[in-house]
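*Asks:* Take this structure, written in structure tokens, and hold onto it; I'll ask about it next.
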Amino acid sequence: MAEAPDTLNPAQMAAVQQLDAPCLVLAGAGSGKTRVIVHKIARLLQAGLEPRQIAAITFTNKAAQEMRERAKALVGARAAKDLAISTFHSLGVRMLRSDGQRLGLKPQFSILDSDDVLGVLRDAGGCSDNAQARRWQWAISLWKNQGLDADAAEGAAADEPQRAAARVMRLYQERLAAYQAVDFDDLIGLPLKLLQRDAEARAQWQARFGHVLVDEYQDTNAVQYELLKVLVGARTPFTAVGDDDQSIYGWRGATIDNLKRLPEDFARLKIIALEQNYRSTGHILRAANAVIAKNPKLFEKKLWSAFGDGEPVRVIDCDGEEHEAERAVARIQTLRAGGAVRWRDLAVLYRANHQARVFEQKLRAAQIPYKVSGGQSFFDRAEIKDLCAWLRLLVNPDDDPAFLRAATTPKRGIGHQTLASLGEFAARWKLSLFEALFAPSLGMALKGKAVDALHAFGREVNDLEHRARHAQGGEAARALLLGWLKAIAYEQHLLDGEDSDKLAAARWRNVLDFVDWIAKRCGGEGDGASEGGDEPQTLLQVAQTISLIISLAERGDEQDVVTLSTLHAAKGLEWPHVWLAGVNEGLLPFRSGDEELSAERLQEERRLMYVGITRARQTLVVSSLRRRKRGRDYVAGVPSRFIAEMKLDEVAGAKEDPRERLKRLRAELAAKATAAPPLG
């Protein structure tokens, strides 16, 4: 299929040239939004802005890195290096590292990851039930994304469980303050609080940027919108790039209302729609347009393509989940048998994580390499979290969750009773665990051996912090980390903790991969988490953003494998050939039990279907089940209303003639029988 031309189309050019007023670019799927952003950056530089005066805000490190690389190719390495390209969360870190002391934060505050937050919530709520703590976590995150503090959350609570969550939220916030720590939602909420309450900081940050660009604007939540408003103030022009038809993250606080509010809050707003699609064929786009037309429209927009009609969208009825997976595998093998299709050109998309299992089984049986997008992250592995705890402790000795993990991994004679006594002592004197460790009166609370072990650990942390502060560049960081791992016998710790040497060796390989990952960032091979780019950094500097980098980064491995992915995780991606699975009532649109779908929920599910359709470039297969599993039982499968809404019956060839179907099935079986095993 042809690629997008080198020149901008008229709508793209209009968006690039709009410099002196707020601008909303309605960027349909595959319409070249990143291209518009980087060309607009180049135009702003031509108009006289310095690179550091241009802020481009994205939602993931991967998107920020892609934007930085494309800007570098367009404007040159020197200009691109100083551009303020970052995620919302990275910008928040930058603001809080600079001015957080105005809110009572030390510059070396800690950023807690999801597991750390869960531990603090269990402690705050006096609860050992992970499921309950997780429910508190979701509720508190949603409240923070709506701009509510504990008092406001308790006032808005609809029932006793919500009121209990609000009370836990208050205790949780007290602990974060004591730990000099923030969670991910605070990286947006606290900068907003800073700018709203501190006129001097507000004036400084508003003067810093001459133009602000925001990618994936439809994914912003209420707090991110308020942060953007106060950051640009009354004078700074901005460009918001988004698509109301791809707003699919309402469950985590994103609100389409932010798109509605822009014309109301900014009277001079210019609205430009990008409707030419450079990704998909005509058949695919007509199906997408027909589905999304059922939703009420904020702004009129209809995608079109110059690529021709291509193959019709195919709808396939399957007996059940196993039959569906077998059909998908046969389709993959047929496409591969032609010789021109790589594994990485193929994707199977579905609504819920549990749908992946049977596809994995059938792909493994057929020796087809695959990856599951949204599965366990490399960074969620216990050995990686161990090392991250040490790095976090170097940055912020007051990070109690990191202290507890580092002090006990590997074992060093510091047991749970010692830590409990240290915790009581620290709470009595209002100290962090690390501060308490060196208190002159600690010997009154703990026995001599325990104090000696704690002091040895403290000296080890201080020594590592000193060396990390001076280990600049990739090779220096790698040598320091490998030497330290040898000194604490971490490989032996893994061997002692596993029944199988093979499993221990695999975990050690993960550790070495992590060391390489850190070393690359120390060498200036960043991933969009900070505004810098190619400058070597010390190990301590990289450690300061480790939680943020890990939680927002996609590893971005370009492996030649089939992708299995949820629809949410697939947003922003594309493949030549897509199989959209399990398109049944109850699955897509998703409904739990017999719940009634609200109009808002149904509209978001329809946008999710639209996102799934528009991931496909050349071919799209949509499958539904005649019967499907619900728990341990089977229920009759009802094709999703979204299939009818695609209006494929109006397009010749969308439904298969039985004789053609038989011919195609024979071809698929022949391909399956003759295809050489791809993995040898």
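Order determines the names: the first chain of the structure tokens is A, the second B, and so forth; residues in each chain are numbered 1 upward, and ligands are numbered 1 upward as they are shown.
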For Ile57 in chain A, please output as an MDAnalysis selection string all residues within 7 Å (counting only C-alpha atoms; exclusion window: fewer than 2 positions along the same chain).

*Replies:* chainID A and resid 55 85:88 213:215

*Asks:* Could you save those same residues with N, CA and C atoms as a compact mmCIF listing (two decimals), in the first residue's frame?

*Replies:*
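Full text of out.txt as output:
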```txt
# COMPACT_ATOMS: atom_id res chain seq x y z
N ALA A 55 6.54 23.35 23.86
CA ALA A 55 6.22 22.15 24.64
C ALA A 55 5.28 21.27 23.83
N ILE A 85 9.67 18.08 24.72
CA ILE A 85 8.77 16.98 24.35
C ILE A 85 8.72 16.00 25.51
N SER A 86 7.54 15.75 26.05
CA SER A 86 7.44 14.87 27.22
C SER A 86 6.02 14.37 27.37
N THR A 87 5.82 13.44 28.27
CA THR A 87 4.48 13.04 28.67
C THR A 87 3.94 14.05 29.68
N PHE A 88 2.63 14.02 29.90
CA PHE A 88 2.03 14.85 30.95
C PHE A 88 2.73 14.58 32.28
N LEU A 213 1.69 22.16 22.53
CA LEU A 213 0.95 21.21 21.69
C LEU A 213 0.62 19.98 22.53
N VAL A 214 -0.63 19.50 22.44
CA VAL A 214 -1.06 18.34 23.21
C VAL A 214 -1.58 17.28 22.25
N ASP A 215 -0.94 16.11 22.27
CA ASP A 215 -1.35 14.99 21.44
C ASP A 215 -2.41 14.16 22.17
```

*Asks:* Among range 111-225 of chain A, which ones does DSSP place in alpha helix (DSSP H), written as a PyMOL selection string?

*Replies:* chain A and resi 114-125+130-145+150-156+160-179+186-197+199-208+222-225

*Asks:* Measuring atom to atom with only C-alpha atoms, identify which of A:Asn295, A:Asn462, A:Gln65, A:Thr60 is nearest to Asp244 in chain A.

*Replies:*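 That would be A:Asn295, the residue with the smallest distance to Asp244 in chain A.
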
*Asks:* Using only C-alpha atoms, find the one residue out of A:Trp136, A:Phe438, A:Tyr350, A:Tyr179 that sits nearest to Ala165 in chain A.

*Replies:*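 Counting only C-alpha atoms, the residue closest to Ala165 in chain A is A:Trp136.
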
*Asks:* Identify which of the residues A:Leu625, A:Ala273, A:Val93, A:Ala73 lies closest to Ile188 in chain A, counting only C-alpha atoms when measuring atom-to-atom distances.

*Replies:*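 The shortest atom-to-atom distance to Ile188 in chain A comes from A:Val93.
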
*Asks:* Neighbours of Ile316 in chain A within 9 Å (only C-alpha atoms; same-chain residues fewer than 2 positions away dropped), as an MDAnalysis selection string?

*Replies:* chainID A and resid 314 318 324 621:625 655:656

*Asks:* Have a look at A:Asn221, A:Ser432, A:Thr538, A:Gln18 and name the one nearest to Phe403 in chain A; count only C-alpha atoms.

*Replies:*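 Looking only at the distances to Phe403 in chain A, the closest residue turns out to be A:Ser432.
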
*Asks:* Using only C-alpha atoms, which protein or nucleic acid residues come within 9 Å of Gly242 in chain A? Drop anything in the same chain fewer than 6 positions from it, and give the result as a list of chain:residue names.

*Replies:*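 Using only C-alpha atoms, the neighbours found are A:Leu24, A:Val25, A:Leu26, A:Ala27, A:Gly28, A:Lys33, A:Val214, A:Asp215, A:Glu216, A:Tyr217, A:Gln218, A:Asp219, A:Leu259.
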
*Asks:* Save the residues we just selected, N, CA and C atoms, as an mmCIF file, in the first residue's frame?

*Replies:*
```cif
data_model
loop_
_atom_site.group_PDB
_atom_site.id
_atom_site.type_symbol
_atom_site.label_atom_id
_atom_site.label_comp_id
_atom_site.auth_asym_id
_atom_site.auth_seq_id
_atom_site.Cartn_x
_atom_site.Cartn_y
_atom_site.Cartn_z
ATOM 1 N N LEU A 24 -7.806 23.564 17.627
ATOM 2 C CA LEU A 24 -8.184 22.170 17.849
ATOM 3 C C LEU A 24 -8.100 21.448 16.514
ATOM 4 N N VAL A 25 -7.221 20.465 16.423
ATOM 5 C CA VAL A 25 -7.068 19.664 15.211
ATOM 6 C C VAL A 25 -7.795 18.344 15.441
ATOM 7 N N LEU A 26 -8.892 18.134 14.742
ATOM 8 C CA LEU A 26 -9.648 16.884 14.842
ATOM 9 C C LEU A 26 -8.999 15.876 13.905
ATOM 10 N N ALA A 27 -8.153 15.036 14.470
ATOM 11 C CA ALA A 27 -7.321 14.136 13.665
ATOM 12 C C ALA A 27 -7.941 12.748 13.653
ATOM 13 N N GLY A 28 -8.632 12.423 12.564
ATOM 14 C CA GLY A 28 -9.201 11.090 12.422
ATOM 15 C C GLY A 28 -8.127 10.019 12.405
ATOM 16 N N LYS A 33 -1.567 12.747 12.256
ATOM 17 C CA LYS A 33 -1.528 13.759 13.324
ATOM 18 C C LYS A 33 -0.107 14.019 13.819
ATOM 19 N N VAL A 214 -0.627 19.505 22.445
ATOM 20 C CA VAL A 214 -1.063 18.338 23.209
ATOM 21 C C VAL A 214 -1.576 17.275 22.246
ATOM 22 N N ASP A 215 -0.945 16.112 22.274
ATOM 23 C CA ASP A 215 -1.351 14.986 21.437
ATOM 24 C C ASP A 215 -2.411 14.161 22.175
ATOM 25 N N GLU A 216 -3.230 13.412 21.420
ATOM 26 C CA GLU A 216 -4.266 12.531 21.995
ATOM 27 C C GLU A 216 -5.103 13.293 23.027
ATOM 28 N N TYR A 217 -5.551 14.476 22.639
ATOM 29 C CA TYR A 217 -6.234 15.352 23.581
ATOM 30 C C TYR A 217 -7.505 14.719 24.151
ATOM 31 N N GLN A 218 -8.152 13.839 23.375
ATOM 32 C CA GLN A 218 -9.390 13.217 23.855
ATOM 33 C C GLN A 218 -9.153 12.313 25.065
ATOM 34 N N ASP A 219 -7.893 11.973 25.341
ATOM 35 C CA ASP A 219 -7.578 11.099 26.473
ATOM 36 C C ASP A 219 -7.303 11.869 27.764
ATOM 37 N N LEU A 259 -13.270 18.062 25.183
ATOM 38 C CA LEU A 259 -13.401 18.542 23.810
ATOM 39 C C LEU A 259 -14.563 19.529 23.693
#
```

*Asks:* Please compute the CA of Ala352 in chain A-CA of Leu608 in chain A distance, one decimal, in Å.

*Replies:*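 These atoms are spaced 11.8 Å apart.
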
*Asks:* With only C-alpha atoms as the counted atoms, please give the residues lying no more than 10 Å from Lys520 in chain A, apart from itself and same-chain residues fewer than 3 positions off, as a PyMOL selection string.

*Replies:* chain A and resi 473-475+477-478+514-517+523-527+536-537

*Asks:* Write out, as a JSON list (two decimals), in the first residue's frame, the residues just selected, with N, CA and C atoms.

*Replies:*
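Once everything was written out, this is selection_37.json:
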```json
[["chain", "number", "residue", "atom", "x", "y", "z"],
["A", 473, "GLY", "N", 27.45, 8.37, 32.29],
["A", 473, "GLY", "CA", 27.59, 7.67, 31.02],
["A", 473, "GLY", "C", 27.28, 6.18, 31.17],
["A", 474, "GLY", "N", 27.01, 5.55, 30.05],
["A", 474, "GLY", "CA", 26.56, 4.17, 30.05],
["A", 474, "GLY", "C", 27.53, 3.17, 30.61],
["A", 475, "GLU", "N", 28.81, 3.25, 30.20],
["A", 475, "GLU", "CA", 29.78, 2.25, 30.65],
["A", 475, "GLU", "C", 30.06, 2.36, 32.14],
["A", 477, "ALA", "N", 27.98, 3.50, 34.42],
["A", 477, "ALA", "CA", 26.79, 3.00, 35.13],
["A", 477, "ALA", "C", 26.74, 1.48, 35.10],
["A", 478, "ARG", "N", 27.06, 0.89, 33.93],
["A", 478, "ARG", "CA", 27.03, -0.57, 33.82],
["A", 478, "ARG", "C", 28.06, -1.20, 34.75],
["A", 514, "PHE", "N", 18.10, -5.48, 32.38],
["A", 514, "PHE", "CA", 17.74, -4.24, 33.07],
["A", 514, "PHE", "C", 18.97, -3.34, 33.23],
["A", 515, "VAL", "N", 20.11, -3.94, 33.54],
["A", 515, "VAL", "CA", 21.35, -3.16, 33.65],
["A", 515, "VAL", "C", 21.66, -2.49, 32.32],
["A", 516, "ASP", "N", 21.49, -3.23, 31.22],
["A", 516, "ASP", "CA", 21.71, -2.64, 29.89],
["A", 516, "ASP", "C", 20.73, -1.50, 29.63],
["A", 517, "TRP", "N", 19.50, -1.69, 30.05],
["A", 517, "TRP", "CA", 18.44, -0.69, 29.84],
["A", 517, "TRP", "C", 18.80, 0.61, 30.57],
["A", 523, "GLY", "N", 23.70, 6.73, 29.00],
["A", 523, "GLY", "CA", 24.48, 7.12, 27.83],
["A", 523, "GLY", "C", 23.77, 8.09, 26.91],
["A", 524, "GLY", "N", 22.54, 8.54, 27.31],
["A", 524, "GLY", "CA", 21.82, 9.53, 26.51],
["A", 524, "GLY", "C", 20.85, 8.93, 25.53],
["A", 525, "GLU", "N", 20.65, 7.61, 25.57],
["A", 525, "GLU", "CA", 19.69, 6.98, 24.67],
["A", 525, "GLU", "C", 18.34, 6.96, 25.37],
["A", 526, "GLY", "N", 17.72, 8.12, 25.48],
["A", 526, "GLY", "CA", 16.49, 8.28, 26.26],
["A", 526, "GLY", "C", 15.29, 7.71, 25.53],
["A", 527, "ASP", "N", 14.12, 7.77, 26.24],
["A", 527, "ASP", "CA", 12.89, 7.25, 25.66],
["A", 527, "ASP", "C", 11.74, 8.23, 25.79],
["A", 536, "PRO", "N", 24.81, 12.55, 28.11],
["A", 536, "PRO", "CA", 25.06, 11.52, 29.12],
["A", 536, "PRO", "C", 24.57, 11.99, 30.50],
["A", 537, "GLN", "N", 24.05, 11.04, 31.28],
["A", 537, "GLN", "CA", 23.56, 11.35, 32.62],
["A", 537, "GLN", "C", 24.24, 10.44, 33.63]]
```

*Asks:* Hey, what's within 10 Å of Leu587 in chain A if we count only C-alpha atoms and toss same-chain stuff fewer than 3 positions away? As an NGL selection string, please?

*Replies:* :A and (350-352 or 355 or 581-584 or 590-592 or 605 or 624 or 628 or 637-640)

*Asks:* Would you output that residue set with N, CA and C atoms, as a PDB file, in the first residue's frame?

*Replies:*
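selection-v1.pdb was written with the following content:
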```pdb
ATOM      1  N   TYR A 350      -9.154  -8.102  20.666  1.00  0.00           N
ATOM      2  CA  TYR A 350     -10.321  -8.566  21.425  1.00  0.00           C
ATOM      3  C   TYR A 350     -10.605  -7.559  22.536  1.00  0.00           C
ATOM      4  N   ARG A 351     -11.767  -7.687  23.151  1.00  0.00           N
ATOM      5  CA  ARG A 351     -12.219  -6.710  24.135  1.00  0.00           C
ATOM      6  C   ARG A 351     -11.606  -6.934  25.515  1.00  0.00           C
ATOM      7  N   ALA A 352     -11.452  -8.202  25.924  1.00  0.00           N
ATOM      8  CA  ALA A 352     -11.043  -8.496  27.303  1.00  0.00           C
ATOM      9  C   ALA A 352      -9.843  -9.437  27.325  1.00  0.00           C
ATOM     10  N   GLN A 355      -9.802 -13.359  26.719  1.00  0.00           N
ATOM     11  CA  GLN A 355     -10.008 -13.919  25.389  1.00  0.00           C
ATOM     12  C   GLN A 355      -8.706 -14.363  24.735  1.00  0.00           C
ATOM     13  N   ALA A 581     -11.875 -10.258  17.148  1.00  0.00           N
ATOM     14  CA  ALA A 581     -12.477 -11.493  17.665  1.00  0.00           C
ATOM     15  C   ALA A 581     -13.565 -11.223  18.710  1.00  0.00           C
ATOM     16  N   GLY A 582     -14.496 -12.188  18.817  1.00  0.00           N
ATOM     17  CA  GLY A 582     -15.490 -12.151  19.881  1.00  0.00           C
ATOM     18  C   GLY A 582     -16.408 -10.949  19.836  1.00  0.00           C
ATOM     19  N   VAL A 583     -16.847 -10.580  18.630  1.00  0.00           N
ATOM     20  CA  VAL A 583     -17.696  -9.385  18.494  1.00  0.00           C
ATOM     21  C   VAL A 583     -19.147  -9.815  18.722  1.00  0.00           C
ATOM     22  N   ASN A 584     -19.439 -10.018  20.003  1.00  0.00           N
ATOM     23  CA  ASN A 584     -20.748 -10.489  20.456  1.00  0.00           C
ATOM     24  C   ASN A 584     -21.330  -9.542  21.490  1.00  0.00           C
ATOM     25  N   PHE A 590     -19.239  -4.523  25.922  1.00  0.00           N
ATOM     26  CA  PHE A 590     -19.055  -5.328  27.125  1.00  0.00           C
ATOM     27  C   PHE A 590     -20.166  -5.015  28.123  1.00  0.00           C
ATOM     28  N   ARG A 591     -20.687  -6.086  28.728  1.00  0.00           N
ATOM     29  CA  ARG A 591     -21.712  -5.909  29.753  1.00  0.00           C
ATOM     30  C   ARG A 591     -21.512  -6.981  30.801  1.00  0.00           C
ATOM     31  N   SER A 592     -21.518  -6.594  32.055  1.00  0.00           N
ATOM     32  CA  SER A 592     -21.317  -7.533  33.155  1.00  0.00           C
ATOM     33  C   SER A 592     -22.668  -8.078  33.594  1.00  0.00           C
ATOM     34  N   GLU A 605     -18.239   2.106  24.084  1.00  0.00           N
ATOM     35  CA  GLU A 605     -17.993   0.780  23.502  1.00  0.00           C
ATOM     36  C   GLU A 605     -18.013   0.859  21.965  1.00  0.00           C
ATOM     37  N   SER A 624     -17.719 -13.576  15.177  1.00  0.00           N
ATOM     38  CA  SER A 624     -18.620 -13.666  16.332  1.00  0.00           C
ATOM     39  C   SER A 624     -18.845 -15.138  16.658  1.00  0.00           C
ATOM     40  N   ARG A 628     -20.876 -18.971  23.550  1.00  0.00           N
ATOM     41  CA  ARG A 628     -19.666 -18.493  24.209  1.00  0.00           C
ATOM     42  C   ARG A 628     -19.690 -18.837  25.686  1.00  0.00           C
ATOM     43  N   GLY A 637     -24.595 -17.344  21.745  1.00  0.00           N
ATOM     44  CA  GLY A 637     -23.897 -16.139  21.322  1.00  0.00           C
ATOM     45  C   GLY A 637     -24.769 -15.296  20.406  1.00  0.00           C
ATOM     46  N   VAL A 638     -24.869 -14.021  20.734  1.00  0.00           N
ATOM     47  CA  VAL A 638     -25.637 -13.087  19.900  1.00  0.00           C
ATOM     48  C   VAL A 638     -24.646 -12.140  19.229  1.00  0.00           C
ATOM     49  N   PRO A 639     -24.628 -12.089  17.890  1.00  0.00           N
ATOM     50  CA  PRO A 639     -23.693 -11.168  17.234  1.00  0.00           C
ATOM     51  C   PRO A 639     -23.894  -9.740  17.731  1.00  0.00           C
ATOM     52  N   SER A 640     -22.807  -9.020  17.880  1.00  0.00           N
ATOM     53  CA  SER A 640     -22.871  -7.640  18.366  1.00  0.00           C
ATOM     54  C   SER A 640     -23.687  -6.765  17.426  1.00  0.00           C
TER      55      SER A 640
END
```

*Asks:* Please list as number ranges by chain every residue within 10 Å of Pro107 in chain A, counting only C-alpha atoms and excluding residues in the same chain fewer than 4 positions away.

*Replies:* A: 93, 96-101, 180, 395-396, 544

*Asks:* For the interface of range 171-272 of chain A with range 42-50 of chain A (cut-off 12 Å, counting only C-alpha atoms), please tabulate each contacting residue of range 171-272 of chain A alongside its nearest pair of atoms and their separation in Å to one decimal, rows sorted by chain and increasing number, as JSON lines.

*Replies:*
```
{"residue": "A:Arg208", "atom": "CA", "partner": "A:Glu50", "partner_atom": "CA", "distance": 10.5}
{"residue": "A:Phe209", "atom": "CA", "partner": "A:Leu49", "partner_atom": "CA", "distance": 9.1}
{"residue": "A:Gly210", "atom": "CA", "partner": "A:Leu49", "partner_atom": "CA", "distance": 6.8}
{"residue": "A:His211", "atom": "CA", "partner": "A:Leu44", "partner_atom": "CA", "distance": 8.1}
{"residue": "A:Val212", "atom": "CA", "partner": "A:Leu44", "partner_atom": "CA", "distance": 10.6}
{"residue": "A:Leu213", "atom": "CA", "partner": "A:Leu44", "partner_atom": "CA", "distance": 11.0}
{"residue": "A:Pro237", "atom": "CA", "partner": "A:Leu44", "partner_atom": "CA", "distance": 11.0}
{"residue": "A:Phe238", "atom": "CA", "partner": "A:Leu44", "partner_atom": "CA", "distance": 11.3}
{"residue": "A:Thr239", "atom": "CA", "partner": "A:Leu44", "partner_atom": "CA", "distance": 11.6}
```

*Asks:* Restricting it to C-alpha atoms, dump the selection as a PDB file, in the first residue's frame.

*Replies:*
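Saved as result02.pdb:
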```pdb
ATOM      1  CA  ARG A 208       8.460  29.572  29.840  1.00  0.00           C
ATOM      2  CA  PHE A 209       6.469  28.360  26.823  1.00  0.00           C
ATOM      3  CA  GLY A 210       5.537  30.244  23.666  1.00  0.00           C
ATOM      4  CA  HIS A 211       3.368  27.425  22.278  1.00  0.00           C
ATOM      5  CA  VAL A 212       2.011  24.207  23.803  1.00  0.00           C
ATOM      6  CA  LEU A 213       0.955  21.211  21.686  1.00  0.00           C
ATOM      7  CA  PRO A 237      -1.319  29.839  21.932  1.00  0.00           C
ATOM      8  CA  PHE A 238      -1.799  26.083  21.986  1.00  0.00           C
ATOM      9  CA  THR A 239      -2.669  23.249  19.630  1.00  0.00           C
TER      10      THR A 239
END
```

*Asks:* Record the distance separating CA of Ala153 in chain A and CA of Trp251 in chain A, expressed in Å with one decimal.

*Replies:*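 Interatomic distance, CA of Ala153 in chain A to CA of Trp251 in chain A: 17.2 Å.
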
*Asks:* Can you list every residue in range 10-213 of chain A that DSSP puts in strand (DSSP E or B), as a count of residues only?

*Replies:* 21

*Asks:* Tell me, in Å to one decimal, how far CA of Val611 in chain A is from CA of Arg364 in chain A.

*Replies:*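 CA of Val611 in chain A sits 27.5 Å away from CA of Arg364 in chain A.
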